[in-house]
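Heads up, upload-v5.csv below (CSV, C-alpha atoms):
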chain,number,residue,atom,x,y,z
D,1485,GLU,CA,-10.6,-11.1,-39.5
D,1486,LEU,CA,-13.6,-11.3,-37.3
D,1487,THR,CA,-11.6,-13.0,-34.5
D,1488,TYR,CA,-8.9,-10.3,-34.7
D,1489,PHE,CA,-11.6,-7.6,-34.6
D,1490,VAL,CA,-13.2,-9.0,-31.4
D,1491,SER,CA,-9.8,-9.5,-29.8
D,1492,ASP,CA,-8.7,-6.0,-30.6
D,1493,GLU,CA,-11.9,-4.5,-29.2
D,1494,ALA,CA,-11.6,-6.5,-26.0
D,1495,ASN,CA,-8.0,-5.3,-25.6
D,1496,ASN,CA,-9.1,-1.7,-26.2
D,1497,GLU,CA,-11.8,-2.0,-23.6
D,1498,HIS,CA,-9.2,-3.4,-21.1
D,1499,LEU,CA,-6.9,-0.6,-21.8
D,1500,ARG,CA,-9.7,1.9,-21.3
D,1501,HIS,CA,-10.3,0.5,-17.9
D,1502,VAL,CA,-6.6,0.6,-17.0
D,1503,GLU,CA,-6.5,4.2,-18.2
D,1504,ALA,CA,-9.5,5.1,-16.0
D,1505,ASP,CA,-7.9,3.4,-13.0
D,1506,LEU,CA,-4.6,5.2,-13.5
D,1507,SER,CA,-6.4,8.6,-13.9
D,1508,LEU,CA,-8.2,7.9,-10.6
D,1509,LEU,CA,-5.0,7.1,-8.8
D,1510,ILE,CA,-3.1,10.1,-10.1
D,1511,ASP,CA,-6.0,12.6,-9.6
D,1512,HIS,CA,-7.1,11.4,-6.1
D,1513,GLU,CA,-3.9,10.2,-4.5
D,1514,LEU,CA,-0.8,11.8,-6.1
D,1515,ARG,CA,-2.2,15.3,-6.0
D,1516,THR,CA,-2.5,15.4,-2.2
D,1517,PRO,CA,1.2,14.7,-1.2
D,1518,LEU,CA,2.5,16.9,-4.0
D,1519,SER,CA,0.3,19.8,-2.9
D,1520,SER,CA,1.4,19.3,0.7
D,1521,ILE,CA,5.1,19.3,-0.4
D,1522,SER,CA,4.6,22.5,-2.4
D,1523,GLY,CA,2.7,24.2,0.4
D,1524,TYR,CA,5.1,23.4,3.2
D,1525,SER,CA,8.1,24.2,1.0
D,1526,VAL,CA,6.7,27.7,0.7
D,1527,LEU,CA,6.2,28.0,4.4
D,1528,LEU,CA,9.7,26.7,5.0
D,1529,ALA,CA,11.1,29.3,2.6
D,1530,GLU,CA,9.2,32.1,4.4
D,1531,THR,CA,10.4,31.1,7.9
D,1532,PRO,CA,13.4,33.3,8.9
D,1533,PRO,CA,16.6,31.2,9.6
D,1534,GLY,CA,17.2,30.4,13.2
D,1535,GLN,CA,13.6,31.2,14.3
D,1536,ASP,CA,11.2,28.6,15.7
D,1537,THR,CA,13.5,25.6,15.1
D,1538,GLU,CA,10.8,23.1,16.2
D,1539,LEU,CA,8.4,24.5,13.6
D,1540,ILE,CA,11.1,24.2,10.9
D,1541,LYS,CA,11.8,20.7,12.0
D,1542,GLU,CA,8.1,19.8,11.7
D,1543,TYR,CA,8.0,21.3,8.2
D,1544,HIS,CA,11.0,19.2,7.2
D,1545,THR,CA,9.4,16.0,8.6
D,1546,ILE,CA,6.1,16.6,6.8
D,1547,ILE,CA,7.9,17.3,3.5
D,1548,ARG,CA,10.0,14.1,3.9
D,1549,GLU,CA,7.0,11.9,4.8
D,1550,GLN,CA,4.9,13.3,1.9
D,1551,ALA,CA,7.7,12.7,-0.5
D,1552,GLU,CA,8.0,9.1,0.7
D,1553,HIS,CA,4.2,8.8,0.3
D,1554,ALA,CA,4.4,10.1,-3.3
D,1555,LEU,CA,7.2,7.7,-4.2
D,1556,ASN,CA,5.1,4.8,-2.8
D,1557,ILE,CA,2.2,5.8,-5.0
D,1558,LEU,CA,4.5,6.1,-8.0
D,1559,GLU,CA,5.8,2.6,-7.3
D,1560,LYS,CA,2.3,1.2,-7.3
D,1561,LEU,CA,1.4,3.2,-10.4
D,1562,SER,CA,4.4,1.7,-12.2
D,1563,PHE,CA,3.4,-1.8,-11.0
D,1564,VAL,CA,-0.2,-1.3,-12.4
D,1565,VAL,CA,1.1,-0.1,-15.7
D,1566,ARG,CA,3.6,-2.9,-16.1
D,1567,THR,CA,1.1,-5.6,-15.1
D,1568,HIS,CA,-1.9,-4.5,-17.1
D,1569,THR,CA,-0.1,-3.5,-20.3
D,1570,GLY,CA,2.1,-6.6,-20.7
D,1571,MET,CA,5.3,-4.7,-19.9
D,1572,SER,CA,6.1,-6.5,-16.7
D,1573,GLU,CA,9.0,-8.9,-16.6
D,1574,PRO,CA,8.2,-12.6,-16.5
D,1575,ALA,CA,7.8,-13.8,-12.9
D,1576,ARG,CA,11.0,-15.6,-12.0
D,1577,ALA,CA,10.5,-18.1,-9.1
D,1578,GLU,CA,13.4,-18.5,-6.7
D,1579,VAL,CA,13.8,-20.2,-3.4
D,1580,SER,CA,13.9,-17.7,-0.5
D,1581,ASP,CA,13.1,-17.5,3.2
D,1582,LEU,CA,9.6,-16.1,3.5
D,1583,GLY,CA,10.2,-15.6,7.2
D,1584,GLN,CA,13.0,-13.1,6.5
D,1585,SER,CA,10.9,-11.3,3.9
D,1586,LEU,CA,8.1,-10.9,6.5
D,1587,ARG,CA,10.6,-9.6,9.1
D,1588,ASP,CA,11.7,-6.9,6.7
D,1589,LEU,CA,8.2,-6.1,5.7
D,1590,VAL,CA,6.9,-5.7,9.3
D,1591,GLY,CA,9.9,-3.6,10.1
D,1592,GLN,CA,9.1,-1.3,7.2
D,1593,VAL,CA,5.4,-1.1,8.1
D,1594,ARG,CA,6.2,-0.2,11.7
D,1595,THR,CA,8.3,2.7,10.5
D,1596,GLU,CA,5.5,3.8,8.1
D,1597,ALA,CA,2.7,3.6,10.7
D,1598,ARG,CA,3.2,7.2,11.8
D,1599,ARG,CA,2.5,8.4,8.3
D,1600,LEU,CA,-0.3,5.9,7.6
D,1601,ILE,CA,-2.4,6.7,10.7
D,1602,GLY,CA,-0.7,9.6,12.5
D,1603,PRO,CA,1.7,9.8,15.4
D,1604,GLU,CA,-0.9,9.4,18.2
D,1605,ALA,CA,-2.6,6.4,16.7
D,1606,SER,CA,0.7,4.7,15.8
D,1607,ASN,CA,1.7,4.9,19.5
D,1608,ARG,CA,-1.4,2.9,20.4
D,1609,LEU,CA,-0.9,0.3,17.7
D,1610,ASN,CA,1.4,-2.7,17.9
D,1611,VAL,CA,2.4,-4.6,14.7
D,1612,ALA,CA,3.3,-8.1,16.0
D,1613,LEU,CA,5.1,-10.8,14.1
D,1614,ASP,CA,5.0,-14.5,15.0
D,1615,LEU,CA,7.4,-16.8,13.1
D,1616,PRO,CA,8.9,-20.3,13.8
D,1617,ALA,CA,12.5,-20.6,14.8
D,1618,HIS,CA,13.3,-22.4,11.5
D,1619,GLU,CA,13.3,-20.9,8.0
D,1620,LEU,CA,10.2,-20.9,5.8
D,1621,PRO,CA,11.6,-21.7,2.3
D,1622,VAL,CA,9.2,-20.9,-0.5
D,1623,LEU,CA,9.6,-21.2,-4.3
D,1624,ALA,CA,8.1,-18.0,-5.7
D,1625,ASN,CA,8.8,-14.5,-7.0
D,1626,SER,CA,9.6,-13.0,-3.7
D,1627,ARG,CA,9.2,-9.4,-4.9
D,1628,LEU,CA,5.6,-9.9,-6.0
D,1629,LEU,CA,4.8,-12.0,-3.0
D,1630,VAL,CA,6.0,-9.3,-0.6
D,1631,HIS,CA,4.2,-6.7,-2.6
D,1632,ALA,CA,0.9,-8.5,-2.0
D,1633,PHE,CA,1.5,-9.0,1.7
D,1634,ARG,CA,2.6,-5.4,2.1
D,1635,GLU,CA,-0.7,-4.2,0.7
D,1636,VAL,CA,-2.7,-6.3,3.1
D,1637,VAL,CA,-0.6,-5.4,6.2
D,1638,ARG,CA,-0.7,-1.7,5.3
D,1639,ASN,CA,-4.5,-1.9,4.9
D,1640,ALA,CA,-4.8,-3.6,8.3
D,1641,VAL,CA,-2.7,-0.8,9.9
D,1642,THR,CA,-4.8,1.9,8.2
D,1643,HIS,CA,-8.1,0.5,9.6
D,1644,CYS,CA,-6.7,-0.3,13.0
D,1645,GLN,CA,-6.3,2.8,15.1
D,1646,LYS,CA,-5.4,1.0,18.3
D,1647,GLY,CA,-4.7,-2.6,19.5
D,1648,GLN,CA,-2.7,-4.9,17.4
D,1649,VAL,CA,-2.0,-6.1,13.8
D,1650,ARG,CA,-0.8,-9.7,13.9
D,1651,VAL,CA,1.3,-11.3,11.2
D,1652,ARG,CA,1.8,-15.0,11.6
D,1653,ALA,CA,3.5,-17.6,9.3
D,1654,TYR,CA,3.9,-21.3,9.9
D,1655,LEU,CA,4.3,-24.6,8.2
D,1656,SER,CA,1.3,-26.9,7.7
D,1657,GLY,CA,2.4,-30.1,5.9
D,1658,ASN,CA,4.0,-29.0,2.6
D,1659,LYS,CA,2.3,-25.5,2.8
D,1660,ILE,CA,3.2,-22.2,4.4
D,1661,ILE,CA,0.3,-20.5,6.0
D,1662,VAL,CA,0.3,-16.7,6.5
D,1663,ASP,CA,-2.3,-15.2,8.8
D,1664,ILE,CA,-2.8,-11.5,8.9
D,1665,GLU,CA,-5.3,-10.3,11.6
D,1666,ASP,CA,-6.1,-6.9,13.2
D,1667,ASP,CA,-8.3,-5.4,15.9
D,1668,GLY,CA,-9.8,-2.8,13.4
D,1669,VAL,CA,-13.3,-2.1,12.4
D,1670,GLY,CA,-13.5,-5.1,10.0
D,1671,VAL,CA,-15.2,-5.3,6.6
D,1672,PRO,CA,-18.7,-3.7,6.6
D,1673,TYR,CA,-21.5,-6.2,6.0
D,1674,GLY,CA,-22.3,-6.4,2.3
D,1675,SER,CA,-18.8,-5.4,1.2
D,1676,GLU,CA,-17.0,-8.8,1.6
D,1677,ASP,CA,-17.2,-9.6,-2.1
D,1678,LEU,CA,-16.0,-6.2,-3.2
D,1679,ILE,CA,-12.8,-5.6,-1.2
D,1680,PHE,CA,-10.5,-6.9,-3.9
D,1681,LEU,CA,-12.0,-4.8,-6.7
D,1682,ARG,CA,-9.3,-2.4,-7.9
D,1683,PHE,CA,-9.5,0.9,-5.9
D,1684,PHE,CA,-12.7,-0.1,-4.1
D,1685,ARG,CA,-13.1,1.8,-0.8
D,1686,ASP,CA,-16.0,1.6,1.6
D,1687,PRO,CA,-16.1,4.9,3.5
D,1688,ARG,CA,-17.8,3.2,6.4
D,1689,SER,CA,-14.7,1.3,7.3
D,1690,LEU,CA,-12.3,4.4,7.4
D,1691,PRO,CA,-11.9,6.9,10.2
D,1692,ALA,CA,-13.2,10.4,9.3
D,1693,GLY,CA,-11.0,12.3,7.0
D,1694,ARG,CA,-8.9,9.4,5.8
D,1695,ARG,CA,-8.8,8.1,2.2
D,1696,ARG,CA,-7.0,5.2,0.6
D,1697,ARG,CA,-6.7,3.6,-2.8
D,1698,GLY,CA,-8.3,0.3,-1.7
D,1699,MET,CA,-6.7,-3.1,-1.8
As structure tokens, please, write out the structure in this file.
Amino acid sequence: ELTYFVSDEANNEHLRHVEADLSLLIDHELRTPLSSISGYSVLLAETPPGQDTELIKEYHTIIREQAEHALNILEKLSFVVRTHTGMSEPARAEVSDLGQSLRDLVGQVRTEARRLIGPEASNRLNVALDLPAHELPVLANSRLLVHAFREVVRNAVTHCQKGQVRVRAYLSGNKIIVDIEDDGVGVPYGSEDLIFLRFFRDPRSLPAGRRRRGM
């Protein structure tokens, strides 16, 4: 009975931490794109048809981008819930070409750069990919693997307002090495051991006015 009690309390404590994390994500991150969609929808509805077509086009673009941003947050929210409440499916390992997965990922991030850092900064940033000519077969759950790489590459783009983000993958013996580098501000001294804490954000490493969930 004592063992069950301790185990139950530990599980409850874990769930309380998960609930706090989810509340933070919803309150700080999901509210912003939804408020933006609501506000620009009102402006769009109040704009007379046929007038200022460029402004209407801009409203449509903002609404679409913010909707994509909200969907991205919901995807991560669902991932956190499934992972930390035991609802996730068992990780199924399959052989896949990591090179192709990274090509798809870099293509997606290049498209998302405008929303992540703004149109002007995205024009000054190059997301480069360096892969060998041959395939990079890996036995893994490709969905979870790509999810992890996507977070790191997006984080690099967010903190790199100009220059280059470089994604490189290559074989080294029986291992596949993936390097992700950027010309951004780097990790502030003293924060190196904290960057993988859930939702950790060091305001010194972000441009003014920008917020992110952390890695």
So how many Å separate CA of Glu1578 in chain D and CA of Ala1624 in chain D, to one decimal?
5.4 Å
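Taking CA of Ser1525 in chain D and CA of Ser1606 in chain D as endpoints, the distance between them is 25.6 Å.
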Two-atom distance - CA of Leu1539 in chain D, CA of Leu1518 in chain D (Å):
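Separation between CA of Leu1539 in chain D and CA of Leu1518 in chain D: 20.1 Å.
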Once you count only C-alpha atoms, what closest atom pair and distance in Å to one decimal does each residue of range 1529-1613 of chain D within 12 Å of range 1657-1662 of chain D have, with rows by chain and rising residue number, as CSV?
residue,atom,partner,partner_atom,distance
D:Asp1581,CA,D:Ile1660,CA,11.0
D:Leu1582,CA,D:Ile1660,CA,8.9
D:Gly1583,CA,D:Val1662,CA,10.0
D:Leu1586,CA,D:Val1662,CA,9.7
D:Leu1613,CA,D:Val1662,CA,10.8
Next, dump the selected residues to file, keeping only C-alpha atoms, as a compact mmCIF listing (two decimals), in the coordinates of the input.
# COMPACT_ATOMS: atom_id res chain seq x y z
CA ASP D 1581 13.10 -17.50 3.20
CA LEU D 1582 9.60 -16.10 3.50
CA GLY D 1583 10.20 -15.60 7.20
CA LEU D 1586 8.10 -10.90 6.50
CA LEU D 1613 5.10 -10.80 14.10
For a quick check of understanding, using all atoms listed in the file, which of D:His1544, D:Arg1566, D:Lys1646, D:Arg1576 has the smallest distance to Asn1607 in chain D?
D:Lys1646
Provide range 1537-1563 of chain D rebuilt to N, CA and C atoms, formatted as a compact mmCIF listing (two decimals), in the coordinates of the input.
# COMPACT_ATOMS: atom_id res chain seq x y z
N THR D 1537 12.81 26.79 15.62
CA THR D 1537 13.50 25.60 15.10
C THR D 1537 12.55 24.37 15.11
N GLU D 1538 11.67 24.27 16.12
CA GLU D 1538 10.80 23.10 16.20
C GLU D 1538 9.77 23.15 15.05
N LEU D 1539 9.31 24.35 14.68
CA LEU D 1539 8.40 24.50 13.60
C LEU D 1539 9.07 24.11 12.25
N ILE D 1540 10.32 24.56 12.09
CA ILE D 1540 11.10 24.20 10.90
C ILE D 1540 11.30 22.72 10.80
N LYS D 1541 11.62 22.11 11.94
CA LYS D 1541 11.80 20.70 12.00
C LYS D 1541 10.53 19.94 11.58
N GLU D 1542 9.38 20.45 12.05
CA GLU D 1542 8.10 19.80 11.70
C GLU D 1542 7.83 19.94 10.20
N TYR D 1543 8.16 21.09 9.60
CA TYR D 1543 8.00 21.30 8.20
C TYR D 1543 8.84 20.26 7.38
N HIS D 1544 10.10 20.12 7.82
CA HIS D 1544 11.00 19.20 7.20
C HIS D 1544 10.44 17.74 7.25
N THR D 1545 9.91 17.37 8.42
CA THR D 1545 9.40 16.00 8.60
C THR D 1545 8.17 15.79 7.70
N ILE D 1546 7.28 16.77 7.61
CA ILE D 1546 6.10 16.60 6.80
C ILE D 1546 6.49 16.49 5.30
N ILE D 1547 7.44 17.31 4.86
CA ILE D 1547 7.90 17.30 3.50
C ILE D 1547 8.51 15.90 3.15
N ARG D 1548 9.35 15.39 4.07
CA ARG D 1548 10.00 14.10 3.90
C ARG D 1548 8.94 12.97 3.81
N GLU D 1549 7.99 12.99 4.75
CA GLU D 1549 7.00 11.90 4.80
C GLU D 1549 6.09 11.98 3.55
N GLN D 1550 5.72 13.17 3.10
CA GLN D 1550 4.90 13.30 1.90
C GLN D 1550 5.63 12.88 0.65
N ALA D 1551 6.93 13.15 0.62
CA ALA D 1551 7.70 12.70 -0.50
C ALA D 1551 7.80 11.19 -0.57
N GLU D 1552 7.97 10.55 0.60
CA GLU D 1552 8.00 9.10 0.70
C GLU D 1552 6.62 8.53 0.24
N HIS D 1553 5.54 9.21 0.64
CA HIS D 1553 4.20 8.80 0.30
C HIS D 1553 4.02 8.86 -1.25
N ALA D 1554 4.50 9.96 -1.86
CA ALA D 1554 4.40 10.10 -3.30
C ALA D 1554 5.19 9.04 -4.04
N LEU D 1555 6.39 8.74 -3.54
CA LEU D 1555 7.20 7.70 -4.20
C LEU D 1555 6.52 6.34 -4.07
N ASN D 1556 5.87 6.08 -2.94
CA ASN D 1556 5.10 4.80 -2.80
C ASN D 1556 4.00 4.71 -3.78
N ILE D 1557 3.28 5.81 -4.01
CA ILE D 1557 2.20 5.80 -5.00
C ILE D 1557 2.74 5.60 -6.39
N LEU D 1558 3.86 6.25 -6.70
CA LEU D 1558 4.50 6.10 -8.00
C LEU D 1558 4.92 4.65 -8.25
N GLU D 1559 5.42 4.01 -7.20
CA GLU D 1559 5.80 2.60 -7.30
C GLU D 1559 4.64 1.73 -7.66
N LYS D 1560 3.50 1.98 -7.01
CA LYS D 1560 2.30 1.20 -7.30
C LYS D 1560 1.75 1.54 -8.68
N LEU D 1561 1.85 2.80 -9.07
CA LEU D 1561 1.40 3.20 -10.40
C LEU D 1561 2.21 2.48 -11.47
N SER D 1562 3.52 2.42 -11.27
CA SER D 1562 4.40 1.70 -12.20
C SER D 1562 4.05 0.23 -12.26
N PHE D 1563 3.75 -0.33 -11.09
CA PHE D 1563 3.40 -1.80 -11.00
C PHE D 1563 2.12 -2.03 -11.80
